[in-house]
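So this one's my_file_10.txt, compact mmCIF, C-alpha atoms:
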```
# COMPACT_ATOMS: atom_id res chain seq x y z
CA MET X 242 87.38 71.40 26.49
CA ILE X 243 90.16 71.36 29.05
CA GLU X 244 87.60 71.73 31.84
CA ILE X 245 85.75 68.67 30.65
CA MET X 246 89.00 66.73 30.57
CA LEU X 247 89.76 67.80 34.13
CA VAL X 248 86.32 66.75 35.31
CA LEU X 249 86.77 63.35 33.66
CA GLY X 250 90.19 63.06 35.27
CA TRP X 251 88.74 63.64 38.73
CA LEU X 252 85.93 61.22 37.96
CA GLY X 253 88.44 58.54 36.99
CA LEU X 254 90.47 59.18 40.10
CA TYR X 255 87.58 58.56 42.45
CA ALA X 256 85.82 55.88 40.34
CA PRO X 257 87.72 52.76 41.50
CA MET X 258 87.04 53.52 45.14
CA ALA X 259 83.37 54.47 44.63
CA LEU X 260 82.51 51.64 42.24
CA GLY X 261 84.44 49.12 44.33
CA ALA X 262 82.50 50.29 47.39
CA ILE X 263 79.16 49.96 45.58
CA GLY X 264 80.08 46.44 44.49
CA SER X 265 81.18 45.47 48.00
CA ILE X 266 77.98 46.88 49.49
CA ILE X 267 75.80 44.83 47.15
CA GLY X 268 77.94 41.69 47.34
CA CYS X 269 78.24 41.69 51.13
CA ALA X 270 74.52 42.43 51.51
CA ILE X 271 73.55 39.45 49.33
CA ALA X 272 75.98 37.04 51.01
CA GLY X 273 75.22 38.46 54.46
CA GLN X 274 71.50 37.84 54.09
CA ALA X 275 72.19 34.25 53.07
CA ALA X 276 74.49 33.89 56.10
CA ILE X 277 71.81 35.15 58.49
CA GLY X 278 69.26 32.83 56.93
CA ALA X 279 71.64 29.87 57.25
CA MET X 280 72.18 30.65 60.93
CA LEU X 281 68.46 30.13 61.52
CA ASP X 282 68.61 26.67 60.05
CA THR X 283 71.85 25.40 61.63
CA GLU X 284 73.22 24.89 65.11
CA SER X 285 76.89 25.57 64.38
CA GLY X 286 79.33 27.05 61.86
CA TYR X 287 78.02 30.60 62.25
CA GLY X 288 81.53 32.09 62.13
CA ARG X 289 82.37 30.66 58.77
CA TYR X 290 79.10 31.86 57.25
CA VAL X 291 79.90 35.40 58.36
CA GLY X 292 83.49 34.99 57.17
CA VAL X 293 82.39 33.92 53.69
CA SER X 294 79.81 36.71 53.52
CA ALA X 295 82.62 39.27 54.06
CA MET X 296 84.59 38.09 51.01
CA PRO X 297 83.24 40.77 48.62
CA SER X 298 84.62 43.52 50.89
CA SER X 299 88.11 43.16 49.38
CA GLN X 300 87.11 45.03 46.21
CA VAL X 301 86.71 48.32 48.03
CA ILE X 302 90.24 47.93 49.41
CA TYR X 303 91.60 47.34 45.90
CA GLY X 304 89.67 50.43 44.79
CA ILE X 305 91.23 52.56 47.52
CA VAL X 306 94.76 51.41 46.58
CA ILE X 307 94.12 52.13 42.87
CA MET X 308 92.75 55.56 43.78
CA PHE X 309 95.88 56.44 45.76
CA THR X 310 98.12 55.10 42.99
CA LEU X 311 96.35 57.25 40.41
CA ASN X 312 96.35 60.24 42.72
CA ARG X 313 98.34 63.11 41.19
CA PRO X 314 97.62 66.64 40.06
CA ILE X 315 95.07 66.38 37.24
CA ALA X 316 96.09 68.14 34.06
CA GLY X 317 95.15 68.01 30.39
CA ASP X 318 97.87 65.51 29.50
CA ASN X 319 97.06 62.87 32.14
CA ALA X 320 93.29 63.25 32.69
CA ALA X 321 92.29 60.86 29.89
CA GLY X 322 94.56 58.10 31.20
CA ILE X 323 93.33 58.49 34.77
CA PHE X 324 89.73 58.50 33.58
CA ALA X 325 90.12 55.33 31.49
CA ILE X 326 92.03 53.29 34.06
CA GLY X 327 89.96 54.48 37.00
CA LEU X 328 86.58 53.92 35.40
CA LEU X 329 87.34 50.55 33.82
CA SER X 330 89.06 49.11 36.89
CA GLY X 331 86.17 50.46 38.98
CA PHE X 332 83.60 48.63 36.88
CA ALA X 333 85.67 45.44 37.02
CA LEU X 334 85.73 45.70 40.82
CA LEU X 335 82.02 46.50 41.00
CA PHE X 336 80.93 43.51 38.93
CA SER X 337 83.37 41.15 40.60
CA ALA X 338 82.07 42.12 44.05
CA VAL X 339 78.43 41.69 43.07
CA TYR X 340 78.98 38.31 41.43
CA GLN X 341 81.26 37.20 44.22
CA GLY X 342 78.47 38.00 46.65
CA GLN X 343 76.17 35.75 44.63
CA CYS X 344 78.77 32.96 44.68
CA CYS X 345 79.13 33.37 48.44
CA ALA X 346 75.37 33.22 48.98
CA SER X 347 75.21 29.99 46.96
CA ALA X 348 78.21 28.59 48.85
CA ILE X 349 76.56 29.32 52.20
CA HIS X 350 73.30 27.79 51.03
CA ALA X 351 75.04 24.64 49.78
CA ALA X 352 77.44 24.27 52.71
CA LYS X 353 74.55 24.58 55.15
CA ALA X 354 72.91 21.49 53.66
CA LYS X 355 76.20 19.61 53.14
CA PRO X 356 78.92 20.91 55.49
CA GLU X 357 81.58 18.63 54.00
CA ILE X 358 81.61 20.65 50.76
CA PHE X 359 82.27 23.96 52.48
CA GLY X 360 85.86 24.27 51.20
CA LEU X 361 84.97 23.41 47.63
CA SER X 362 81.87 25.56 47.62
CA ILE X 363 83.85 28.76 48.11
CA ALA X 364 86.14 27.95 45.14
CA PRO X 365 83.93 29.85 42.62
CA ALA X 366 84.00 32.92 44.88
CA ALA X 367 87.80 32.64 45.07
CA ILE X 368 88.05 32.43 41.28
CA VAL X 369 85.95 35.58 40.92
CA GLU X 370 88.27 37.23 43.45
CA GLY X 371 91.16 36.25 41.18
CA PHE X 372 89.72 38.33 38.34
CA ALA X 373 89.36 41.31 40.66
CA VAL X 374 93.02 40.90 41.59
CA PHE X 375 93.95 40.91 37.87
CA ALA X 376 92.08 44.18 37.37
CA PHE X 377 93.73 45.61 40.48
CA ILE X 378 97.33 44.58 39.66
CA PHE X 379 97.23 45.69 36.05
CA ALA X 380 95.62 48.99 36.98
CA LEU X 381 98.62 49.59 39.26
CA VAL X 382 101.11 48.51 36.57
CA ILE X 383 99.59 50.60 33.81
CA SER X 384 99.10 53.66 35.99
CA ALA X 385 102.90 53.96 36.20
CA GLY X 386 102.86 55.09 32.57
CA ILE X 387 100.56 58.05 33.15
CA ALA X 388 102.31 61.38 33.17
CA GLN X 389 102.82 63.17 36.46
CA ALA X 390 101.37 66.62 35.76
CA PRO X 391 103.62 69.62 36.42
CA VAL X 392 102.89 71.11 39.80
CA MET R 188 67.51 42.79 38.34
CA ILE R 189 70.06 41.63 40.92
CA ALA R 190 67.73 42.80 43.66
CA GLU R 191 64.92 40.62 42.24
CA ARG R 192 67.14 37.55 41.84
CA PHE R 193 68.37 37.80 45.43
CA LYS R 194 65.25 39.25 46.97
CA TYR R 195 64.76 36.33 49.35
CA ALA R 196 68.37 35.24 49.99
CA MET R 197 67.79 35.20 53.74
CA LEU R 198 64.45 33.42 53.54
CA MET R 199 65.70 30.70 51.20
CA ALA R 200 68.92 30.19 53.16
CA SER R 201 66.87 29.76 56.32
CA LEU R 202 64.84 26.90 54.82
CA PRO R 203 66.22 23.37 55.03
CA PRO R 204 66.57 21.79 51.58
CA HIS R 205 64.22 19.17 50.23
CA LYS R 206 65.49 15.65 49.67
CA PRO R 207 65.95 14.72 46.00
CA ASP R 208 63.66 11.70 46.39
CA LEU R 209 60.12 12.45 47.51
CA TYR R 210 59.57 9.09 49.18
CA ALA R 211 62.87 9.28 51.07
CA ALA R 212 61.39 12.12 53.13
CA LYS R 213 59.70 10.70 56.20
CA GLN R 214 58.56 14.14 57.27
CA THR R 215 58.55 17.68 55.95
CA PRO R 216 61.98 19.35 56.23
CA ILE R 217 60.42 22.15 58.28
CA SER R 218 57.27 22.20 60.36
CA GLU R 219 54.22 24.08 59.12
CA ILE R 220 54.42 26.57 61.99
CA GLN R 221 58.06 27.37 61.27
CA LEU R 222 57.40 27.64 57.54
CA GLN R 223 54.55 30.08 58.14
CA LYS R 224 56.82 32.13 60.39
CA ARG R 225 59.48 32.34 57.67
CA LEU R 226 56.90 33.21 55.03
CA GLN R 227 55.97 36.26 57.06
CA TRP R 228 59.14 37.81 55.62
CA LEU R 229 57.49 37.94 52.21
CA GLU R 230 56.55 41.35 50.91
CA PRO R 231 52.79 41.99 51.04
CA GLN R 232 52.33 41.70 47.28
CA ASP R 233 54.26 38.42 47.15
CA ALA R 234 52.37 37.05 50.15
CA GLU R 235 49.13 37.86 48.33
CA ASP R 236 50.34 36.06 45.19
CA LEU R 237 51.34 33.02 47.24
CA ALA R 238 47.91 32.96 48.87
CA LYS R 239 46.28 33.10 45.42
CA ILE R 240 48.43 30.21 44.21
CA GLN R 241 47.63 28.16 47.32
CA SER R 242 43.92 28.88 46.96
CA LEU R 243 44.05 27.31 43.50
CA LEU R 244 46.27 24.33 44.21
CA TYR R 245 45.75 23.26 47.83
CA TRP R 246 42.81 20.92 48.21
CA SER R 247 42.23 22.18 51.74
CA LYS R 248 41.76 25.72 50.45
CA ILE R 249 39.61 24.90 47.46
CA PRO R 250 36.01 26.00 48.12
CA ASP R 251 33.30 23.38 48.22
CA ALA R 252 31.72 24.44 44.92
CA SER R 253 30.48 22.82 41.73
CA ASP R 254 32.98 22.09 38.94
CA GLU R 255 31.55 24.93 36.85
CA ASN R 256 31.90 27.46 39.66
CA PHE R 257 35.39 26.30 40.58
CA ILE R 258 36.59 26.48 36.97
CA ALA R 259 35.10 29.95 36.53
CA HIS R 260 36.68 31.06 39.84
CA THR R 261 40.06 29.58 38.85
CA SER R 262 40.05 31.20 35.42
CA ALA R 263 39.24 34.56 37.02
CA ILE R 264 42.16 34.29 39.46
CA LEU R 265 44.54 33.14 36.72
CA GLU R 266 43.67 36.30 34.80
CA THR R 267 44.88 38.41 37.73
CA LEU R 268 48.32 36.74 37.79
CA HIS R 269 50.69 38.65 35.56
CA ASN R 270 53.80 36.63 36.28
CA VAL R 271 54.28 34.15 33.42
CA PHE R 272 56.20 31.71 35.62
CA PHE R 273 53.40 31.45 38.19
CA ARG R 274 50.78 31.06 35.51
CA GLN R 275 52.76 28.23 33.94
CA VAL R 276 53.26 26.45 37.27
CA ILE R 277 49.60 26.69 38.22
CA THR R 278 48.25 25.91 34.78
CA TRP R 279 50.42 22.79 34.49
CA ARG R 280 49.07 21.42 37.77
CA LEU R 281 45.47 22.26 36.87
CA GLU R 282 45.89 20.66 33.45
CA LEU R 283 47.19 17.53 35.16
CA ARG R 284 44.11 17.46 37.37
CA THR R 285 41.85 18.07 34.36
CA VAL R 286 43.31 15.12 32.45
CA ILE R 287 43.23 12.80 35.48
CA ALA R 288 39.63 13.83 36.25
CA ALA R 289 38.66 13.08 32.64
CA LEU R 290 40.34 9.66 32.82
CA ARG R 291 38.51 8.87 36.05
CA LYS R 292 35.15 10.03 34.73
CA ARG R 293 35.55 7.94 31.61
CA HIS R 294 36.62 4.95 33.68
CA GLN R 295 33.49 5.34 35.78
CA GLY R 296 31.43 4.93 32.64
CA MET R 297 30.75 8.45 31.42
CA LYS R 298 29.93 8.01 27.76
CA THR R 299 30.40 11.60 26.64
CA PRO R 300 32.76 14.29 27.92
CA PRO R 301 31.41 16.70 30.54
CA ASP R 302 30.11 20.06 29.45
CA LYS R 303 32.83 22.51 28.39
CA SER R 304 32.27 24.67 31.47
CA ALA R 305 32.84 21.68 33.77
CA LEU R 306 35.61 19.96 31.84
CA GLY R 307 38.60 21.67 33.41
CA VAL R 308 41.32 24.22 32.94
CA GLY R 309 44.03 24.50 30.31
CA ARG R 310 44.90 23.65 26.76
CA TRP R 311 43.85 19.99 26.67
CA ASN R 312 40.10 20.55 26.99
CA LEU R 313 39.50 20.59 23.26
CA PHE R 314 41.47 17.36 22.77
CA ILE R 315 39.64 15.62 25.60
CA GLU R 316 36.31 16.71 24.22
CA LYS R 317 37.06 15.65 20.66
CA ASN R 318 38.91 12.41 21.44
CA TRP R 319 36.91 11.12 24.40
CA GLU R 320 36.91 7.58 23.02
CA GLN R 321 40.66 7.45 22.51
CA ALA R 322 42.67 5.95 25.38
CA ASP R 323 45.06 8.90 25.56
CA PHE R 324 42.65 11.60 24.29
CA GLY R 325 45.07 12.04 21.38
CA ILE R 326 47.61 13.78 23.61
CA GLY R 327 49.73 10.80 24.62
CA ARG R 328 52.75 12.15 22.78
CA GLN R 329 52.58 15.49 24.54
CA LEU R 330 51.96 13.85 27.93
CA PRO R 331 54.08 10.69 28.05
CA TRP R 332 52.92 9.89 31.60
CA LEU R 333 49.29 9.64 30.54
CA ASP R 334 49.54 6.03 29.41
CA GLN R 335 50.81 4.82 32.79
CA ALA R 336 48.24 6.88 34.68
CA ASN R 337 45.49 5.42 32.51
CA THR R 338 46.72 1.87 33.17
CA LEU R 339 46.73 2.48 36.94
CA ILE R 340 43.20 3.89 36.81
CA ARG R 341 42.00 0.91 34.77
CA ASN R 342 43.62 -1.44 37.30
CA GLN R 343 41.99 0.56 40.12
CA ASP R 344 45.35 0.80 41.86
CA SER R 345 44.63 4.07 43.68
CA LEU R 346 47.71 4.01 45.88
CA ALA R 347 50.11 3.44 42.99
CA LEU R 348 48.33 6.15 41.00
CA GLU R 349 48.61 8.65 43.86
CA LYS R 350 52.30 7.86 44.30
CA PHE R 351 52.87 8.15 40.58
CA LEU R 352 51.10 11.52 40.34
CA LEU R 353 52.79 12.99 43.41
CA ASN R 354 56.17 11.94 42.05
CA LEU R 355 55.30 13.48 38.69
CA VAL R 356 54.42 16.76 40.39
CA TRP R 357 57.55 16.56 42.55
CA ARG R 358 59.82 16.10 39.51
CA HIS R 359 58.07 18.83 37.56
CA TYR R 360 58.52 21.35 40.35
CA GLU R 361 62.16 20.37 40.70
CA GLN R 362 62.63 21.04 37.00
CA GLN R 363 60.79 24.36 37.21
CA GLY R 364 62.95 25.41 40.14
CA ASN R 365 66.19 25.10 38.19
CA GLY R 366 67.86 28.48 37.92
CA HIS R 367 65.81 29.91 40.79
CA TYR R 368 67.65 29.95 44.10
CA PHE R 369 66.93 33.12 46.02
CA ASP R 370 64.04 34.78 44.20
CA PHE R 371 60.30 34.67 44.76
CA GLU R 372 59.94 31.88 42.21
CA ALA R 373 62.28 29.77 44.37
CA VAL R 374 60.06 30.44 47.40
CA ILE R 375 56.94 29.39 45.49
CA ILE R 376 58.57 26.18 44.27
CA TYR R 377 59.81 25.40 47.79
CA VAL R 378 56.37 25.88 49.30
CA LEU R 379 54.65 23.81 46.61
CA ARG R 380 57.16 20.96 47.04
CA TRP R 381 56.71 21.21 50.81
CA ASP R 382 52.99 20.70 50.27
CA VAL R 383 53.63 17.59 48.18
CA ILE R 384 55.69 16.02 51.01
CA ASN R 385 53.14 17.16 53.55
CA ARG R 386 50.31 15.52 51.64
CA TRP R 387 52.20 12.28 51.21
CA ASN R 388 53.15 12.13 54.87
CA HIS R 389 49.60 12.82 55.95
CA TYR R 390 48.26 9.80 54.13
CA HIS R 391 47.39 7.31 56.79
CA LYS R 392 45.58 4.08 56.02
CA GLN R 393 43.82 3.63 59.36
CA GLN R 394 42.83 7.28 59.61
CA ALA R 395 41.46 7.16 56.05
CA VAL R 396 39.36 4.07 56.84
CA GLN R 397 38.12 5.72 60.04
CA ARG R 398 37.27 8.93 58.21
CA PHE R 399 35.44 6.99 55.51
CA SER R 400 33.45 5.08 58.13
CA ASP R 401 32.58 8.29 59.93
CA ILE R 402 31.32 9.92 56.75
CA VAL R 403 29.26 6.86 55.78
CA GLU R 404 27.82 6.63 59.28
CA GLN R 405 27.02 10.33 59.34
CA ARG R 406 25.25 10.18 55.98
CA LEU R 407 23.35 6.99 56.77
CA GLN R 408 22.26 8.36 60.11
CA GLY R 409 20.16 10.99 58.37
CA VAL R 410 18.67 8.39 56.02
CA PHE R 411 17.73 6.04 58.86
CA ASP R 412 16.33 8.87 60.94
CA GLY R 413 14.07 9.85 58.04
CA PHE R 414 13.12 6.20 57.45
CA TYR R 415 12.05 5.50 61.04
CA GLN R 416 10.05 8.70 61.31
```

Could you express the structure from this file as C-alpha cells?
Amino acid sequence: MIEIMLVLGWLGLYAPMALGAIGSIIGCAIAGQAAIGAMLDTESGYGRYVGVSAMPSSQVIYGIVIMFTLNRPIAGDNAAGIFAIGLLSGFALLFSAVYQGQCCASAIHAAKAKPEIFGLSIAPAAIVEGFAVFAFIFALVISAGIAQAPV
Amino acid sequence: MIAERFKYAMLMASLPPHKPDLYAAKQTPISEIQLQKRLQWLEPQDAEDLAKIQSLLYWSKIPDASDENFIAHTSAILETLHNVFFRQVITWRLELRTVIAALRKRHQGMKTPPDKSALGVGRWNLFIEKNWEQADFGIGRQLPWLDQANTLIRNQDSLALEKFLLNLVWRHYEQQGNGHYFDFEAVIIYVLRWDVINRWNHYHKQQAVQRFSDIVEQRLQGVFDGFYQ
C-alpha cells in the first residue's frame, strides 16, 4: 500500500508541470496556426498575432512553479496531499491552456478582419488566464499545509 | 475532438471574411486562384468530400444529363456522404432547387407533376406530387419563402427571383455556419458562400444577351443549313 502511495505522490509532484506543458503545447499550436493563417491575409500586425498566440505558454510556467513548491521527500503522510494538489492543479492548467488557445485563435481571426477590436478581442483569453492564475496561487497557498516528510 | 474543431485554424484564418450582406460584396473576398491554393491544404479525404459537394451543387460541374440520370447520380453520391452536416447542407440546396423547378414547370403550363424519377431530390417530392394544383404545394408553412418565390415566378421577374434565391441561400449558409469557425464544416460553408458571391458577380446583362444570341444563332445555323440543302 505504501508503495502505491509513494507512486501517487511522485505522480502528483510531476503532474502540474507535465499537464501544464501538454495544455500549452495544444493551446499554442491552435493559436499559432491561426496566427500564421492571418499573416497570409494581412500586410501588417504580424508581431501581435505571434504575441497573442504565445499566451497559452504561461500555464507551463505556473506548472513548473507548483512542481517546485510541492517538491519535498515523498513519504506516506504527504503523498496523498501532493497527489491531489498536483493532479488537480495540473488539469486546471491543462484545460485553461487549451481553451485559452481557442480564445486566442478566435481573437486573431476577428482582429484580422477588424483591427480596431484587437484589444477587446483578447479579453476572453485574459479572463481564462485569470482562472489559471487562481489555480496556480491557491495550489501554492494550500501546498504550505502539506507535511514535510522526515529526511 | 479539439483536433477536429481546430483542424483548419490556419486555413480559415488565412481566408478573408465574407461581408454580412451578399449584395454589398462587389467582388469575391479572395480570387479563385488564391482560394484553390489555400484549399490545397485540405487533407485528401476532405478534399474529396469537397469535390463531391461541388459536383452536386455547382452548376458548372453538373453533368449535362437528363433529370432522371442527374437525380439518380445525386442520390448515389448522397449515399456515400456519412457526415450528417454535409448531407443536410446539400439536401437543403437540392430541395430548394426541386421546389423552384416544380414552380417553374407548373408556371410553364405543366398540368401534372413530372414522373417521380424526374421530380427532384429531398423530402418535398411527395407533397409536390400530391398537391400540384395548390399554389404552395401544401408546404407553405414549412417553407415560408415559397409564397414570395411563387409570386416572382408568376410575375416573370427573373432578376428579382434570382436575387431573392441567392440571398436565401446566403442567409441559410450563414445560419449553418454558426458554431463552426475552424473545422472542415467552416471550410465547406466558406467555399459555398464564396460560390454564391462569385455567381452573383458573374451575372452580366450584356454578356448574357450576347451568349443568348450566340446560342440562338448557332442553333438556327444548323436549321438553315438543312433547309437550304

If we count all atoms listed in the file, which residues of chain X reach to within 7 Å of chain R? Please list them as a ChimeraX atom specification. /X:271,274-275,277-279,281-282,350,354

What residues have an atom no more than 9 Å from (89.1, 50.3, 48.0) in the file's own frame, counting all atoms listed in the file, and can you write them as a list in words?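 Output: Pro257, Met258, Ala259, Leu260, Gly261, Ala262, Ser298, Ser299, Gln300, Val301, Ile302, Tyr303, Gly304, Ile305, Val306, Ile307 and Met308 of chain X.
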
Between R:Ile402, R:Leu346, R:Leu306, R:Ile375, which residue has the minimum interatomic distance to Arg274 in chain R, considering only C-alpha atoms? R:Ile375

Give me, as a PyMOL selection string, all polymer residues having an atom no more than 12 Å from Ile368 in chain X, counting all atoms listed in the file and skipping those fewer than 5 positions away in the same chain. chain X and resi 296+337-338+340-341+344-345+361-363+373-375

Pairwise distance for CA of Val374 in chain R and CA of Tyr287 in chain X, rounded to one decimal in Å: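 Pair CA of Val374 in chain R / CA of Tyr287 in chain X returns 23.3 Å.
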
Quick check, in Å to one decimal: how far apart do CA of Phe309 in chain X and CA of Ile326 in chain X lie?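 Here the two named atoms are 12.7 Å from each other.
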
Mind pulling up the distance from CA of Phe379 in chain X to CA of Ala256 in chain X?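 Those two atoms sit 15.9 Å apart.
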
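Using only C-alpha atoms for every distance, the candidate list X:Gly342, X:Gly317, X:Gly273, X:Pro365 yields X:Gly317 as the residue closest to Met242 in chain X.
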
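Nearest to Val248 in chain X of all the residues X:Ala276, X:Val293, X:Ile263, X:Ala316 is X:Ala316, counting only C-alpha atoms.
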
Near Phe351 in chain R, counting all atoms listed in the file, which residues have an atom at most 12 Å away, once you skip same-chain residues fewer than 2 positions from it, shown as an NGL selection string? :R and (209-210 or 287 or 332-340 or 344-349 or 353-358 or 387)

Contacts of Ser242 in chain R within 12 Å, only C-alpha atoms, excl. fewer than 5 positions in-chain, as a list in words: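 Contacts, with the query itself left out: Glu235, Asp236, Leu237, Ser247, Lys248, Ile249, Pro250, Phe257, His260, Thr261, Ile264, Leu265, Ile277 and Leu379 of chain R.
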
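For Ser253 in chain R, the non-local neighbours within 10 Å, defined as residues at least 5 positions apart in the same chain or in other chains and counting all atoms listed in the file, are Ile258, Ala259 and Ala305 of chain R.
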
X:Asn312, X:Ser384, X:Ser347, X:Gln389 ranked by distance to Gly366 in chain R, top pick (using all atoms listed in the file):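 Result for the nearest residue to Gly366 in chain R: X:Ser347.
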
Go ahead and find all residues with at least one atom no further than 12 Å from (38.2, 14.3, 22.3) in the file's coordinates, using all atoms listed in the file; report them as an MDAnalysis selection string. chainID R and resid 286 289:290 293 298:301 303 306 311:326

Range 312-326 of chain R from the block above, N, CA, C and O atoms, as an mmCIF file, in the first residue's frame, please?
```cif
data_model
loop_
_atom_site.group_PDB
_atom_site.id
_atom_site.type_symbol
_atom_site.label_atom_id
_atom_site.label_comp_id
_atom_site.auth_asym_id
_atom_site.auth_seq_id
_atom_site.Cartn_x
_atom_site.Cartn_y
_atom_site.Cartn_z
ATOM 1 N N ASN R 312 -40.889 15.911 -52.364
ATOM 2 C CA ASN R 312 -41.398 15.304 -53.606
ATOM 3 C C ASN R 312 -42.848 14.823 -53.494
ATOM 4 O O ASN R 312 -43.666 15.087 -54.360
ATOM 5 N N LEU R 313 -43.109 14.151 -52.398
ATOM 6 C CA LEU R 313 -44.451 13.577 -52.200
ATOM 7 C C LEU R 313 -45.499 14.691 -52.137
ATOM 8 O O LEU R 313 -46.574 14.578 -52.738
ATOM 9 N N PHE R 314 -45.157 15.771 -51.429
ATOM 10 C CA PHE R 314 -46.093 16.903 -51.296
ATOM 11 C C PHE R 314 -46.335 17.553 -52.652
ATOM 12 O O PHE R 314 -47.458 17.892 -52.992
ATOM 13 N N ILE R 315 -45.256 17.725 -53.407
ATOM 14 C CA ILE R 315 -45.376 18.369 -54.725
ATOM 15 C C ILE R 315 -46.268 17.522 -55.633
ATOM 16 O O ILE R 315 -47.145 18.033 -56.324
ATOM 17 N N GLU R 316 -46.034 16.233 -55.568
ATOM 18 C CA GLU R 316 -46.777 15.305 -56.419
ATOM 19 C C GLU R 316 -48.273 15.310 -56.075
ATOM 20 O O GLU R 316 -49.118 15.362 -56.953
ATOM 21 N N LYS R 317 -48.540 15.283 -54.768
ATOM 22 C CA LYS R 317 -49.935 15.177 -54.322
ATOM 23 C C LYS R 317 -50.679 16.510 -54.404
ATOM 24 O O LYS R 317 -51.892 16.521 -54.562
ATOM 25 N N ASN R 318 -49.953 17.615 -54.225
ATOM 26 C CA ASN R 318 -50.621 18.922 -54.169
ATOM 27 C C ASN R 318 -50.205 19.818 -55.333
ATOM 28 O O ASN R 318 -49.966 21.002 -55.144
ATOM 29 N N TRP R 319 -50.076 19.253 -56.491
ATOM 30 C CA TRP R 319 -49.600 20.000 -57.662
ATOM 31 C C TRP R 319 -50.466 21.230 -57.953
ATOM 32 O O TRP R 319 -49.955 22.275 -58.363
ATOM 33 N N GLU R 320 -51.744 21.118 -57.695
ATOM 34 C CA GLU R 320 -52.659 22.225 -58.004
ATOM 35 C C GLU R 320 -52.579 23.355 -56.986
ATOM 36 O O GLU R 320 -52.932 24.490 -57.292
ATOM 37 N N GLN R 321 -52.133 23.018 -55.782
ATOM 38 C CA GLN R 321 -52.084 24.059 -54.743
ATOM 39 C C GLN R 321 -50.926 25.014 -55.006
ATOM 40 O O GLN R 321 -49.832 24.582 -55.391
ATOM 41 N N ALA R 322 -51.162 26.314 -54.719
ATOM 42 C CA ALA R 322 -50.127 27.318 -55.006
ATOM 43 C C ALA R 322 -48.803 27.001 -54.298
ATOM 44 O O ALA R 322 -47.726 27.156 -54.878
ATOM 45 N N ASP R 323 -48.902 26.556 -53.062
ATOM 46 C CA ASP R 323 -47.665 26.325 -52.286
ATOM 47 C C ASP R 323 -47.367 24.829 -52.097
ATOM 48 O O ASP R 323 -46.575 24.452 -51.234
ATOM 49 N N PHE R 324 -47.968 24.000 -52.879
ATOM 50 C CA PHE R 324 -47.810 22.532 -52.808
ATOM 51 C C PHE R 324 -48.131 21.984 -51.407
ATOM 52 O O PHE R 324 -47.697 20.890 -51.043
ATOM 53 N N GLY R 325 -48.812 22.784 -50.609
ATOM 54 C CA GLY R 325 -49.146 22.347 -49.243
ATOM 55 C C GLY R 325 -47.979 22.396 -48.283
ATOM 56 O O GLY R 325 -48.041 21.834 -47.186
ATOM 57 N N ILE R 326 -46.894 23.070 -48.688
ATOM 58 C CA ILE R 326 -45.724 23.135 -47.794
ATOM 59 C C ILE R 326 -45.329 24.594 -47.507
ATOM 60 O O ILE R 326 -44.207 24.881 -47.119
#
```
